[in-house]
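Data file: model-v6.pdb. Format and content: PDB, C-alpha atoms.
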```pdb
ATOM      1  CA  MET A  25     177.380 111.666 160.491
ATOM      2  CA  THR A  26     174.192 109.566 160.392
ATOM      3  CA  ASP A  27     174.194 106.143 158.695
ATOM      4  CA  PRO A  28     171.369 106.196 156.063
ATOM      5  CA  THR A  29     170.846 102.442 156.430
ATOM      6  CA  SER A  30     170.337 102.636 160.161
ATOM      7  CA  PRO A  31     166.782 102.074 161.374
ATOM      8  CA  ASN A  32     167.113 105.256 163.414
ATOM      9  CA  SER A  33     168.045 107.493 160.480
ATOM     10  CA  GLY A  34     166.038 109.618 158.115
ATOM     11  CA  THR A  35     162.430 108.631 158.368
ATOM     12  CA  GLY A  36     162.893 105.884 160.881
ATOM     13  CA  GLY A  37     162.838 103.064 158.326
ATOM     14  CA  ALA A  38     159.091 102.805 157.930
ATOM     15  CA  GLY A  39     158.456 106.522 157.821
ATOM     16  CA  LEU A  40     157.384 106.905 161.438
ATOM     17  CA  GLY A  41     159.812 108.497 163.873
ATOM     18  CA  LYS A  42     160.012 108.003 167.592
ATOM     19  CA  PRO A  43     159.563 111.110 169.696
ATOM     20  CA  GLY A  44     162.750 112.098 171.450
ATOM     21  CA  VAL A  45     165.122 110.082 169.254
ATOM     22  CA  PRO A  46     167.691 112.499 167.855
ATOM     23  CA  GLY A  47     167.841 112.665 164.057
ATOM     24  CA  VAL A  48     164.536 110.834 163.574
ATOM     25  CA  PRO A  49     161.711 113.069 162.435
ATOM     26  CA  VAL A  50     158.263 112.521 163.875
ATOM     27  CA  VAL A  51     155.669 111.921 161.144
ATOM     28  CA  PRO A  52     152.134 112.537 162.327
ATOM     29  CA  VAL A  53     149.643 109.759 161.694
ATOM     30  CA  VAL A  54     146.839 111.039 159.503
ATOM     31  CA  PRO A  55     143.638 108.982 159.633
ATOM     32  CA  ALA A  56     142.511 107.597 156.293
ATOM     33  CA  GLN A  57     139.958 109.761 154.571
ATOM     34  CA  PRO A  58     136.829 108.040 153.327
ATOM     35  CA  ILE A  59     136.431 108.009 149.560
ATOM     36  CA  THR A  60     133.279 108.036 147.542
ATOM     37  CA  LEU A  61     133.250 106.040 144.336
ATOM     38  CA  ARG A  62     131.209 107.953 141.797
ATOM     39  CA  VAL A  63     129.649 106.758 138.548
ATOM     40  CA  GLY A  64     131.105 109.684 136.595
ATOM     41  CA  GLU A  65     133.488 112.587 137.084
ATOM     42  CA  HIS A  66     130.850 114.568 138.975
ATOM     43  CA  GLY A  67     128.273 111.791 139.196
ATOM     44  CA  VAL A  68     126.222 110.374 141.981
ATOM     45  CA  PRO A  69     127.807 107.961 144.447
ATOM     46  CA  ALA A  70     127.985 104.384 143.175
ATOM     47  CA  THR A  71     125.729 102.914 145.817
ATOM     48  CA  GLY A  72     122.751 100.648 145.538
ATOM     49  CA  SER A  73     122.060  98.285 142.692
ATOM     50  CA  LEU A  74     122.927  98.912 139.068
ATOM     51  CA  PHE A  75     119.235  98.341 138.380
ATOM     52  CA  ASP A  76     118.354 101.413 140.454
ATOM     53  CA  ARG A  77     121.306 103.558 139.346
ATOM     54  CA  ILE A  78     120.581 103.289 135.628
ATOM     55  CA  GLY A  79     116.830 103.778 135.751
ATOM     56  CA  GLY A  80     115.293 100.382 136.427
ATOM     57  CA  ALA A  81     113.057  98.378 134.112
ATOM     58  CA  PRO A  82     112.594 101.069 131.429
ATOM     59  CA  THR A  83     116.358 101.244 130.858
ATOM     60  CA  PHE A  84     116.726  97.479 130.565
ATOM     61  CA  ASP A  85     113.745  97.349 128.215
ATOM     62  CA  ARG A  86     115.376 100.016 125.986
ATOM     63  CA  LEU A  87     118.665  98.093 126.069
ATOM     64  CA  VAL A  88     117.082  94.824 125.007
ATOM     65  CA  ARG A  89     114.862  96.336 122.305
ATOM     66  CA  ARG A  90     117.854  98.147 120.811
ATOM     67  CA  PHE A  91     119.863  94.910 120.954
ATOM     68  CA  TYR A  92     117.160  92.999 119.071
ATOM     69  CA  GLU A  93     116.963  95.702 116.395
ATOM     70  CA  GLY A  94     120.529  94.790 115.494
ATOM     71  CA  VAL A  95     120.063  91.047 115.916
ATOM     72  CA  GLN A  96     117.141  90.992 113.471
ATOM     73  CA  GLN A  97     119.480  92.279 110.766
ATOM     74  CA  ASP A  98     122.177  89.681 111.496
ATOM     75  CA  ASP A  99     122.186  86.627 109.227
ATOM     76  CA  VAL A 100     124.391  84.604 111.603
ATOM     77  CA  ILE A 101     122.626  84.968 114.935
ATOM     78  CA  TRP A 102     119.053  85.938 114.037
ATOM     79  CA  PRO A 103     118.215  82.326 113.051
ATOM     80  CA  MET A 104     118.925  81.308 116.665
ATOM     81  CA  TYR A 105     116.115  83.532 117.937
ATOM     82  CA  PRO A 106     112.403  82.732 117.892
ATOM     83  CA  ALA A 107     111.094  85.033 115.141
ATOM     84  CA  ASP A 108     107.561  83.950 116.005
ATOM     85  CA  ASP A 109     108.102  84.921 119.672
ATOM     86  CA  LEU A 110     110.249  88.033 119.488
ATOM     87  CA  GLU A 111     108.273  89.769 122.248
ATOM     88  CA  GLY A 112     108.770  86.728 124.468
ATOM     89  CA  ALA A 113     112.520  86.758 123.813
ATOM     90  CA  ILE A 114     112.646  90.475 124.577
ATOM     91  CA  TRP A 115     110.784  89.947 127.846
ATOM     92  CA  ARG A 116     112.994  87.018 128.879
ATOM     93  CA  LEU A 117     116.281  88.841 128.321
ATOM     94  CA  SER A 118     115.083  92.076 129.906
ATOM     95  CA  ALA A 119     113.573  90.294 132.929
ATOM     96  CA  PHE A 120     116.732  88.210 133.386
ATOM     97  CA  LEU A 121     119.007  91.269 133.265
ATOM     98  CA  GLN A 122     116.738  93.215 135.598
ATOM     99  CA  GLN A 123     116.784  90.398 138.144
ATOM    100  CA  TYR A 124     120.544  89.895 137.823
ATOM    101  CA  TRP A 125     121.214  93.584 138.459
ATOM    102  CA  GLY A 126     118.992  93.949 141.515
ATOM    103  CA  GLY A 127     115.503  94.385 140.110
ATOM    104  CA  PRO A 128     112.422  92.254 140.676
ATOM    105  CA  GLY A 129     112.733  88.462 140.734
ATOM    106  CA  THR A 130     110.036  88.020 138.093
ATOM    107  CA  TYR A 131     112.279  86.036 135.752
ATOM    108  CA  SER A 132     112.939  83.262 138.291
ATOM    109  CA  GLU A 133     109.365  83.348 139.562
ATOM    110  CA  GLU A 134     108.082  82.610 136.064
ATOM    111  CA  ARG A 135     110.904  80.550 134.543
ATOM    112  CA  GLY A 136     112.849  79.056 137.437
ATOM    113  CA  HIS A 137     116.621  79.187 137.741
ATOM    114  CA  PRO A 138     118.206  80.962 134.757
ATOM    115  CA  ARG A 139     120.467  77.992 133.806
ATOM    116  CA  LEU A 140     121.986  80.065 131.001
ATOM    117  CA  ARG A 141     124.400  77.435 129.671
ATOM    118  CA  MET A 142     121.701  74.779 129.583
ATOM    119  CA  ARG A 143     119.210  77.067 127.844
ATOM    120  CA  HIS A 144     121.784  78.056 125.212
ATOM    121  CA  ASN A 145     123.204  74.575 124.673
ATOM    122  CA  PRO A 146     120.862  73.648 121.776
ATOM    123  CA  PHE A 147     122.387  76.456 119.682
ATOM    124  CA  ARG A 148     125.801  76.365 117.975
ATOM    125  CA  ILE A 149     127.392  79.379 119.578
ATOM    126  CA  THR A 150     130.686  79.857 117.775
ATOM    127  CA  SER A 151     133.207  82.593 118.382
ATOM    128  CA  GLU A 152     131.775  84.400 115.331
ATOM    129  CA  ALA A 153     128.243  84.221 116.775
ATOM    130  CA  ARG A 154     129.548  85.433 120.141
ATOM    131  CA  GLU A 155     131.324  88.388 118.534
ATOM    132  CA  ARG A 156     128.220  89.350 116.583
ATOM    133  CA  TRP A 157     126.122  89.112 119.746
ATOM    134  CA  LEU A 158     128.648  91.325 121.518
ATOM    135  CA  HIS A 159     128.635  93.803 118.632
ATOM    136  CA  HIS A 160     124.865  94.270 118.811
ATOM    137  CA  MET A 161     124.899  94.397 122.591
ATOM    138  CA  ARG A 162     127.740  96.946 122.567
ATOM    139  CA  GLU A 163     125.702  99.232 120.308
ATOM    140  CA  ALA A 164     122.702  98.818 122.600
ATOM    141  CA  VAL A 165     124.719  99.565 125.745
ATOM    142  CA  GLU A 166     126.292 102.644 124.171
ATOM    143  CA  SER A 167     122.864 103.913 123.121
ATOM    144  CA  LEU A 168     121.914 104.193 126.802
ATOM    145  CA  GLN A 169     124.644 106.773 127.461
ATOM    146  CA  LEU A 170     125.255 105.460 130.962
ATOM    147  CA  ALA A 171     127.727 106.890 133.425
ATOM    148  CA  PRO A 172     131.192 105.400 132.751
ATOM    149  CA  LEU A 173     131.294 103.225 135.874
ATOM    150  CA  ASP A 174     127.821 101.819 135.263
ATOM    151  CA  GLU A 175     128.590 101.124 131.607
ATOM    152  CA  ALA A 176     131.840  99.379 132.521
ATOM    153  CA  GLU A 177     130.116  97.244 135.156
ATOM    154  CA  LEU A 178     127.316  96.229 132.807
ATOM    155  CA  TRP A 179     129.648  95.600 129.873
ATOM    156  CA  ALA A 180     132.063  93.476 131.912
ATOM    157  CA  TYR A 181     129.213  91.131 132.825
ATOM    158  CA  LEU A 182     127.820  90.947 129.275
ATOM    159  CA  ASP A 183     131.255  90.201 127.857
ATOM    160  CA  ARG A 184     131.899  87.421 130.395
ATOM    161  CA  ALA A 185     128.439  85.942 129.824
ATOM    162  CA  ALA A 186     128.896  85.917 126.050
ATOM    163  CA  HIS A 187     132.211  84.118 126.362
ATOM    164  CA  ALA A 188     130.682  81.605 128.767
ATOM    165  CA  MET A 189     127.933  80.767 126.262
ATOM    166  CA  THR A 190     130.376  79.855 123.474
ATOM    167  CA  ASN A 191     129.916  76.121 123.086
ATOM    168  CA  THR A 192     131.686  75.149 119.870
ATOM    169  CA  PHE A 193     134.991  76.134 118.338
ATOM    170  CA  ASP A 194     134.671  74.756 114.811
TER     171      ASP A 194
END
```
Could you write out this file's structure as structure tokens?
Amino acid sequence: MTDPTSPNSGTGGAGLGKPGVPGVPVVPVVPAQPITLRVGEHGVPATGSLFDRIGGAPTFDRLVRRFYEGVQQDDVIWPMYPADDLEGAIWRLSAFLQQYWGGPGTYSEERGHPRLRMRHNPFRITSEARERWLHHMREAVESLQLAPLDEAELWAYLDRAAHAMTNTFD
């Protein structure tokens, strides 16, 4: 009888047998198969930048315009935005997101380093303000109807960024 705890029994301990050892099966080594991460169930491969995968500048412009449609109706966070320079705010956010996700470096060329925390520091960003910002951004992201992987990647960043901007807890 073979001892099941013996290194020479069953599958050879680690699952690989030695040829010619009685009672130890030989398990062929199968090379790893390459996998392709896709942006949806039958989507395109998730290669290149998110900027390119989701449609470039026009997609980010739609995202930001949809976001600001919601923000303008929000009595908590709309006062933090420059009503007299809404187009400028739209450009800044869209250009920043485009650059971050692999698009042109126009934002930094025109405005320097993003310094997000410093630029947001003059505003009281409470957890309520953050959640409202996230609510409007979530609606904007969903309106794009992105592939699941792309949406998850974009949303994960936006959620982290919103939490990082929170600067007061009173």
**OP:** List, as a list of chain:residue names, every residue that the PyMOL selection byres ((chain A and resi 145) around 12) selects in the file provided.
**Re:** A:Met104, A:Arg139, A:Leu140, A:Arg141, A:Met142, A:Arg143, A:His144, A:Pro146, A:Phe147, A:Arg148, A:Ile149, A:Thr150, A:Ala188, A:Met189, A:Thr190, A:Asn191, A:Thr192
Subject >> Selected residue of minimal separation from Phe75 in chain A among A:Leu182, A:Val95, A:Leu170, A:Leu121, counting only C-alpha atoms >> reply: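 Closest residue, counting only C-alpha atoms: A:Leu121.
Each of A:Ile101, A:Ile78, A:Ala107, A:Leu178 was compared to Glu152 in chain A using all atoms listed in the file, and A:Ile101 turns out to be the nearest.
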**OP:** Check the smallest atom-to-atom distance from each of A:Trp125, A:Gly47, A:Pro106, A:Trp115 to Asp174 in chain A using all atoms listed in the file, then report the winner.
**Re:**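 Closest to Asp174 in chain A, using all atoms listed in the file: A:Trp125.
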Quick one: 6 Å padding each side, axis-aligned, all listed atoms of range 84-98 of chain A - centre and edge lengths in Å to one decimal, as lines of an AutoDock Vina configuration file?
```
center_x = 118.0
center_y = 94.8
center_z = 120.7
size_x = 20.4
size_y = 22.3
size_z = 31.8
```
Subject >> Distance criterion (only C-alpha atoms): nearest to Glu177 in chain A out of A:Arg135, A:Ala153, A:Pro49, A:Val165 >> reply: A:Val165
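With distances restricted to all atoms listed in the file, A:Ala119 is the closest residue to Pro82 in chain A from A:Tyr181, A:Tyr131, A:Ala119, A:Val45.
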Neighbour residues at most 8 Å from (118.8, 85.2, 125.2) (all atoms listed in the file) as a compact mmCIF listing (two decimals) with C-alpha atoms, keeping the file's coordinate frame:
```txt
# COMPACT_ATOMS: atom_id res chain seq x y z
CA TYR A 105 116.12 83.53 117.94
CA ALA A 113 112.52 86.76 123.81
CA ARG A 116 112.99 87.02 128.88
CA LEU A 117 116.28 88.84 128.32
CA HIS A 144 121.78 78.06 125.21
```
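Shortest atom-to-atom contact with Ala176 in chain A among A:Val100, A:Pro55, A:Ser151, A:Leu74: A:Leu74, counting all atoms listed in the file.
From CA of Arg156 in chain A back to CA of Asp98 in chain A, the distance works out to 7.9 Å.
Taking CA of Leu168 in chain A and CA of Ala180 in chain A as the two end points, the separation is 15.6 Å.
CA of Glu133 in chain A lies 25.6 Å from CA of Trp179 in chain A.
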